[in-house]
Structures are given as C-alpha cells and as structure tokens.
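Colleague: TSV, C-alpha atoms, file model.tsv:
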```tsv
chain	number	residue	atom	x	y	z
Z	670	MET	CA	143.08	176.16	-69.24
Z	671	SER	CA	146.26	178.04	-70.02
Z	672	THR	CA	149.22	177.96	-67.67
Z	673	GLY	CA	150.75	181.32	-68.60
Z	674	ARG	CA	149.89	184.84	-67.52
Z	675	LEU	CA	148.23	187.63	-69.49
Z	676	LEU	CA	149.63	191.10	-68.87
Z	677	ILE	CA	148.11	194.37	-70.12
Z	678	PHE	CA	150.66	197.17	-70.56
Z	679	SER	CA	149.41	200.70	-71.34
Z	680	GLY	CA	150.35	204.34	-71.03
Z	681	PRO	CA	150.25	207.55	-73.01
Z	682	SER	CA	152.44	208.19	-76.03
Z	683	GLY	CA	155.91	209.37	-74.99
Z	684	VAL	CA	155.84	207.80	-71.52
Z	685	GLY	CA	158.55	205.26	-72.38
Z	686	LYS	CA	156.48	202.08	-72.74
Z	687	ASP	CA	158.66	200.62	-75.51
Z	688	THR	CA	161.89	201.37	-73.68
Z	689	LEU	CA	160.61	199.81	-70.46
Z	690	LEU	CA	159.14	196.80	-72.21
Z	691	ASP	CA	162.27	196.14	-74.28
Z	692	LEU	CA	164.52	196.31	-71.20
Z	693	TRP	CA	162.14	194.18	-69.12
Z	694	MET	CA	161.85	191.53	-71.83
Z	695	ALA	CA	165.66	191.42	-72.17
Z	696	ARG	CA	165.88	190.66	-68.43
Z	697	ASN	CA	162.97	188.24	-68.19
Z	698	PRO	CA	162.81	185.59	-70.94
Z	699	ARG	CA	159.32	184.49	-69.86
Z	700	LEU	CA	157.89	187.78	-71.17
Z	701	LYS	CA	156.73	187.64	-74.79
Z	702	ARG	CA	154.97	190.44	-76.58
Z	703	VAL	CA	151.80	189.47	-78.41
Z	704	CYS	CA	152.02	190.77	-81.98
Z	705	ALA	CA	149.00	192.94	-82.76
Z	706	ALA	CA	147.31	193.29	-86.14
Z	707	THR	CA	146.60	196.51	-88.02
Z	708	THR	CA	145.28	197.77	-91.32
Z	709	ARG	CA	147.72	200.68	-91.45
Z	710	THR	CA	150.64	200.72	-93.86
Z	711	PRO	CA	153.95	199.46	-92.45
Z	712	ARG	CA	156.40	202.18	-91.42
Z	713	THR	CA	160.05	202.06	-92.47
Z	714	GLY	CA	161.80	199.20	-90.69
Z	715	GLU	CA	158.65	197.50	-89.43
Z	716	ARG	CA	158.48	193.76	-90.03
Z	717	GLU	CA	155.47	191.53	-90.68
Z	718	GLY	CA	154.77	189.28	-87.71
Z	719	VAL	CA	157.26	191.12	-85.50
Z	720	ASP	CA	155.96	194.67	-85.23
Z	721	TYR	CA	152.44	193.93	-86.50
Z	722	PHE	CA	150.49	191.57	-88.67
Z	723	PHE	CA	149.65	193.94	-91.55
Z	724	LEU	CA	146.20	193.08	-92.91
Z	725	SER	CA	143.87	194.51	-95.52
Z	726	ARG	CA	140.72	196.13	-94.18
Z	727	GLU	CA	138.68	193.29	-95.70
Z	728	GLU	CA	140.81	190.61	-94.00
Z	729	PHE	CA	140.63	192.42	-90.66
Z	730	GLU	CA	136.84	192.73	-90.90
Z	731	ARG	CA	136.55	189.02	-91.79
Z	732	LEU	CA	138.58	188.13	-88.67
Z	733	ILE	CA	136.36	190.42	-86.55
Z	734	ALA	CA	133.27	188.63	-87.90
Z	735	GLU	CA	134.85	185.26	-87.08
Z	736	GLY	CA	135.55	186.38	-83.48
Z	737	ARG	CA	139.30	185.96	-83.87
Z	738	PHE	CA	140.31	189.12	-81.93
Z	739	LEU	CA	140.48	189.44	-78.16
Z	740	GLU	CA	139.98	193.16	-78.66
Z	741	HIS	CA	139.98	195.58	-81.54
Z	742	ALA	CA	139.45	199.27	-82.17
Z	743	GLU	CA	139.53	201.74	-84.99
Z	744	TYR	CA	141.96	204.61	-84.53
Z	745	ALA	CA	142.80	207.34	-87.05
Z	746	GLY	CA	141.03	205.42	-89.82
Z	747	ASN	CA	142.83	202.11	-89.23
Z	748	TYR	CA	141.94	198.99	-87.31
Z	749	TYR	CA	144.17	197.64	-84.54
Z	750	GLY	CA	143.57	194.45	-82.63
Z	751	THR	CA	144.93	191.52	-80.65
Z	752	PRO	CA	144.61	188.15	-82.43
Z	753	ILE	CA	143.53	185.43	-80.00
Z	754	GLU	CA	145.53	182.50	-81.43
Z	755	PRO	CA	149.10	183.82	-80.98
Z	756	MET	CA	148.23	185.02	-77.46
Z	757	GLU	CA	146.76	181.65	-76.48
Z	758	ALA	CA	149.83	179.86	-77.89
Z	759	LEU	CA	152.11	181.90	-75.59
Z	760	LEU	CA	149.88	181.24	-72.59
Z	761	ALA	CA	149.81	177.50	-73.37
Z	762	GLU	CA	153.63	177.52	-73.26
Z	763	GLY	CA	153.48	178.91	-69.72
Z	764	LEU	CA	154.82	182.31	-70.78
Z	765	VAL	CA	153.74	185.83	-69.85
Z	766	ALA	CA	151.83	187.16	-72.87
Z	767	VAL	CA	152.24	190.94	-72.90
Z	768	LEU	CA	149.64	193.10	-74.61
Z	769	LYS	CA	151.00	196.60	-75.23
Z	770	ILE	CA	147.72	198.28	-76.04
Z	771	GLU	CA	145.91	201.58	-75.70
Z	772	THR	CA	143.27	202.13	-73.03
Z	773	GLN	CA	140.22	201.42	-75.23
Z	774	GLY	CA	141.51	197.93	-76.04
Z	775	ALA	CA	142.80	197.40	-72.52
Z	776	LEU	CA	139.36	198.00	-71.02
Z	777	GLN	CA	137.89	195.43	-73.44
Z	778	VAL	CA	140.50	192.87	-72.36
Z	779	MET	CA	139.94	193.59	-68.65
Z	780	GLU	CA	136.25	192.81	-69.16
Z	781	LYS	CA	136.84	189.61	-71.17
Z	782	ARG	CA	139.86	188.35	-69.22
Z	783	PRO	CA	139.54	189.56	-65.60
Z	784	GLU	CA	142.52	187.37	-64.58
Z	785	ALA	CA	144.84	189.57	-66.65
Z	786	VAL	CA	147.32	191.72	-64.74
Z	787	SER	CA	146.93	195.35	-65.83
Z	788	ILE	CA	149.71	197.93	-65.56
Z	789	PHE	CA	149.55	201.59	-66.56
Z	790	ILE	CA	152.76	203.56	-67.04
Z	791	LEU	CA	152.50	207.19	-65.92
Z	792	PRO	CA	154.81	210.12	-66.64
Z	793	PRO	CA	156.27	212.01	-63.67
Z	794	SER	CA	154.13	214.96	-64.83
Z	795	LEU	CA	152.37	216.21	-67.95
Z	796	GLU	CA	155.17	218.74	-68.43
Z	797	VAL	CA	157.80	215.97	-68.45
Z	798	LEU	CA	155.64	214.06	-70.94
Z	799	ARG	CA	155.40	217.15	-73.13
Z	800	GLU	CA	159.20	217.56	-73.03
Z	801	ARG	CA	159.70	213.90	-74.00
Z	802	ILE	CA	157.35	214.19	-76.97
Z	803	VAL	CA	158.93	217.47	-78.10
Z	804	GLY	CA	162.36	215.86	-77.72
Z	805	ARG	CA	161.42	213.23	-80.29
Z	806	GLY	CA	161.17	215.99	-82.89
Z	807	THR	CA	158.40	214.14	-84.73
Z	808	GLU	CA	155.34	216.22	-83.85
Z	809	ASP	CA	154.11	219.53	-85.24
Z	810	PRO	CA	152.43	221.83	-82.67
Z	811	ALA	CA	148.89	220.66	-83.54
Z	812	ALA	CA	149.84	216.97	-83.31
Z	813	LEU	CA	151.66	217.64	-80.03
Z	814	GLN	CA	148.55	219.25	-78.59
Z	815	ARG	CA	146.38	216.31	-79.72
Z	816	ARG	CA	148.81	213.84	-78.10
Z	817	LEU	CA	148.76	215.77	-74.83
Z	818	VAL	CA	144.95	215.90	-74.75
Z	819	GLU	CA	144.84	212.16	-75.50
Z	820	ALA	CA	147.43	211.57	-72.75
Z	821	GLU	CA	145.26	213.38	-70.22
Z	822	ASN	CA	142.26	211.25	-71.26
Z	823	GLU	CA	144.30	208.05	-70.95
Z	824	ILE	CA	145.77	209.07	-67.58
Z	825	ALA	CA	142.23	209.67	-66.31
Z	826	LEU	CA	141.55	205.96	-67.00
Z	827	SER	CA	144.71	204.76	-65.23
Z	828	GLU	CA	142.77	204.13	-62.00
Z	829	ARG	CA	140.93	201.30	-63.83
Z	830	TYR	CA	144.24	199.39	-63.97
Z	831	GLN	CA	145.40	197.21	-61.08
Z	832	PHE	CA	148.83	198.86	-60.96
Z	833	GLN	CA	150.25	202.26	-61.88
Z	834	ILE	CA	153.97	202.88	-62.25
Z	835	VAL	CA	155.53	206.32	-62.65
Z	836	ASN	CA	158.34	206.12	-65.20
Z	837	ASP	CA	160.68	208.62	-63.58
Z	838	ASP	CA	163.68	206.31	-63.23
Z	839	LEU	CA	164.10	203.28	-65.52
Z	840	GLU	CA	165.72	201.00	-62.94
Z	841	THR	CA	163.06	201.77	-60.32
Z	842	ALA	CA	160.26	201.24	-62.85
Z	843	LEU	CA	161.79	197.93	-63.97
Z	844	ALA	CA	162.10	196.76	-60.36
Z	845	ASP	CA	158.44	197.72	-59.80
Z	846	LEU	CA	157.40	195.75	-62.90
Z	847	GLU	CA	159.25	192.62	-61.72
Z	848	ASP	CA	157.75	193.01	-58.24
Z	849	ILE	CA	154.21	193.22	-59.70
Z	850	LEU	CA	154.80	190.11	-61.79
Z	851	GLU	CA	156.06	188.16	-58.77
Z	852	ARG	CA	153.22	189.32	-56.49
Z	853	SER	CA	150.25	188.90	-58.81
```
In structure tokens, what does this structure look like?
Modeller:
Amino acid sequence: MSTGRLLIFSGPSGVGKDTLLDLWMARNPRLKRVCAATTRTPRTGEREGVDYFFLSREEFERLIAEGRFLEHAEYAGNYYGTPIEPMEALLAEGLVAVLKIETQGALQVMEKRPEAVSIFILPPSLEVLRERIVGRGTEDPAALQRRLVEAENEIALSERYQFQIVNDDLETALADLEDILERS
C-alpha cells in the first residue's frame, strides 16, 4: 500500500493549469508531477522524461497491451497516457503524485483509483477563457472555436470532480488548492 496521495488536476485549455501547478509545486515540495507518455512529436524546448516520455506508436501500444498505463486516450491522432510505474514510485516515497490530465483520462483514473483527490480548474467565465486563449496568439479562428467547444464539454464534466476552483485570482486559487490538500 502506498503512503503518498494521488491528485487529479484538470481544466480546459487556457484556464491557467500550468501556471497554477508550477506555482503550487514551487511552494509545496511534496507535490511531484507524474510525467505522461505520448506518441506525438516533441515541441521545441520539450525534454524527454520531463515534459513527456516520447514513444513510438508501436511502443505505446505494447505498453497498453502489457497493462502499464493507469489511463490512456487517443487525441488528435496521438496517444497520451499515464505510466503506472513512475506514479507508484512517487506514491511509495510518500509524495503527492499529480496527474495533469484531460477529462477523459481523469474519469478513467477516478474509476480505477477512487481514493484520488480530483480538482477541476474553472475559468471565471467562458468569455474570460476566450480572451485568455486569444491573448496567447497561437490559435486561428477555427482552432479557437474548437477549443471553446471542447472547453464547454469539459466544464460540463467538472461536477464529476470532488473539487472545483475558479481561477480568477492566482493567490486565492493557490490557497484553495493548499486547503483542499490539507482537508482531503
């Protein structure tokens, strides 16, 4: 039996998950992000074993067949998944293993690991989310519309999570995250 805690961390694209998680992890050394695996090509600056474990499709499918993923999904033609071994190693060390995953994977984990603490990060409104995504300057109008539709679908699933936090103010959201970790 592991002594650590498993934490599921989700929210729509543009809600500020990475910013919140990076700040929270800097303040709480017990929090460790579980490195996910993917079959997609690394983006500029991404590092093997830090951002993702970059695998061939064949290797990923072999690991699926061997039951070595806690969860996995195919998205936009690529596989993404959470390898069990690195997660279990963090839990065995008594750490908080953080899974930053999308809702499809999160629901799989909730079913397999009901003791996991699940947190969904919400935007103050869909309009604020739209402004944040537009502010990135990385999306064409069609991609922006797809992200917003996906965000609405993900937000509709937020009630399946134990906790929902509105990311309107970073300090308030961080305090809420720490409070959830202490209480659960």
Colleague: Determine the nearest neighbour of Z:Phe678 from the options Z:Arg716, Z:Arg815, Z:Arg702, Z:Arg782, counting all atoms listed in the file.
Modeller: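 Nearest candidate to Z:Phe678 out of Z:Arg716, Z:Arg815, Z:Arg702, Z:Arg782: Z:Arg702.
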Colleague: Have a look at Z:Leu798, Z:Leu846, Z:Leu768, Z:Ile790 and name the one nearest to Z:Leu817; count only C-alpha atoms.
Modeller: Z:Leu798
Colleague: In Å to one decimal, how far is atom CA of Z:Leu676 from atom CA of Z:Tyr748?
Modeller: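 A separation of 21.5 Å between them.
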Colleague: Calculate how many Å separate atom CA of Z:Val835 from atom CA of Z:Pro793, rounding to one decimal.
Modeller: 5.8 Å
Colleague: I'd like a table as a tab-separated table: residues in stretch 757-802 of chain Z with an atom no more than 7 Å from stretch 734-742 of chain Z, each row giving the shortest atom pair and its distance in Å to one decimal, all atoms listed in the file counted, sorted by chain and rising residue number.
Modeller:
```
residue	atom	partner	partner_atom	distance
Z:Gly774	CA	Z:Glu740	CA	5.7
Z:Gln777	CA	Z:Glu740	CA	6.1
Z:Val778	CA	Z:Glu740	CA	6.3
```
Colleague: Counting all atoms listed in the file, what is within 9 Å of Z:Pro711, bar same-chain residues fewer than 3 positions away, as a list in words?
Modeller: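 The neighbour list is Thr708, Gly714, Glu715, Arg716, Glu717, Asp720, Tyr721 and Phe723 of chain Z.
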Colleague: Compare Z:Val703, Z:Leu843, Z:Ile733, Z:Ala695 by their minimum atom-to-atom distance to Z:Leu764, counting all atoms listed in the file, and give me the closest one.
Modeller: Z:Val703
Colleague: In Å to one decimal, how far is atom CA of Z:Ala842 from atom CA of Z:Trp693?
Modeller: 9.6 Å
Colleague: Show me, as a CSV table (one decimal) with C-alpha atoms, in the coordinates of the input, the residues that have an atom within 12 Å of Z:Val803 when counting all atoms listed in the file, minus same-chain residues fewer than 3 positions from it.
Modeller:
```csv
chain,number,residue,atom,x,y,z
Z,682,SER,CA,152.4,208.2,-76.0
Z,683,GLY,CA,155.9,209.4,-75.0
Z,796,GLU,CA,155.2,218.7,-68.4
Z,797,VAL,CA,157.8,216.0,-68.4
Z,798,LEU,CA,155.6,214.1,-70.9
Z,799,ARG,CA,155.4,217.2,-73.1
Z,800,GLU,CA,159.2,217.6,-73.0
Z,806,GLY,CA,161.2,216.0,-82.9
Z,807,THR,CA,158.4,214.1,-84.7
Z,808,GLU,CA,155.3,216.2,-83.8
Z,809,ASP,CA,154.1,219.5,-85.2
Z,810,PRO,CA,152.4,221.8,-82.7
Z,811,ALA,CA,148.9,220.7,-83.5
Z,812,ALA,CA,149.8,217.0,-83.3
Z,813,LEU,CA,151.7,217.6,-80.0
Z,814,GLN,CA,148.6,219.2,-78.6
Z,816,ARG,CA,148.8,213.8,-78.1
Z,817,LEU,CA,148.8,215.8,-74.8
```
Colleague: May I ask which of the residues Z:Asp837, Z:Leu826, Z:Ile849, Z:Leu700 is the closest one to Z:Leu759, counting all atoms listed in the file?
Modeller: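 Using all atoms listed in the file, Z:Leu759 sits closest to Z:Leu700.
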Colleague: Pick out the closest residue to Z:Lys686 from this set: Z:Arg829, Z:Arg801, Z:Lys769, Z:Lys781. Count all atoms listed in the file.
Modeller: Z:Lys769
Colleague: Of the candidates Z:Thr707, Z:Ile788, Z:Asp848, Z:Thr841, which shows the shortest atom-to-atom distance to Z:Ala745, using all atoms listed in the file?
Modeller: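 Ranking Z:Thr707, Z:Ile788, Z:Asp848, Z:Thr841 by distance to Z:Ala745, first place goes to Z:Thr707.
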Colleague: What box, with edges along x, y and z, holds each listed atom of stretch 806-824 of chain Z when 3 Å is added on every side, and can you state its centre and edge lengths in Å to one decimal, as lines of an AutoDock Vina configuration file?
Modeller:
```
center_x = 151.7
center_y = 214.9
center_z = -76.4
size_x = 24.9
size_y = 19.8
size_z = 23.7
```
Colleague: Give me the residues near Z:Gly685 as a list in words, where near means some atom within 9 Å (using only C-alpha atoms) and where sequence neighbours in that chain fewer than 4 positions away do not count.
Modeller: Gly680, Pro681, Leu689, Leu690, Ile790, Pro792, Arg801 and Asn836 of chain Z
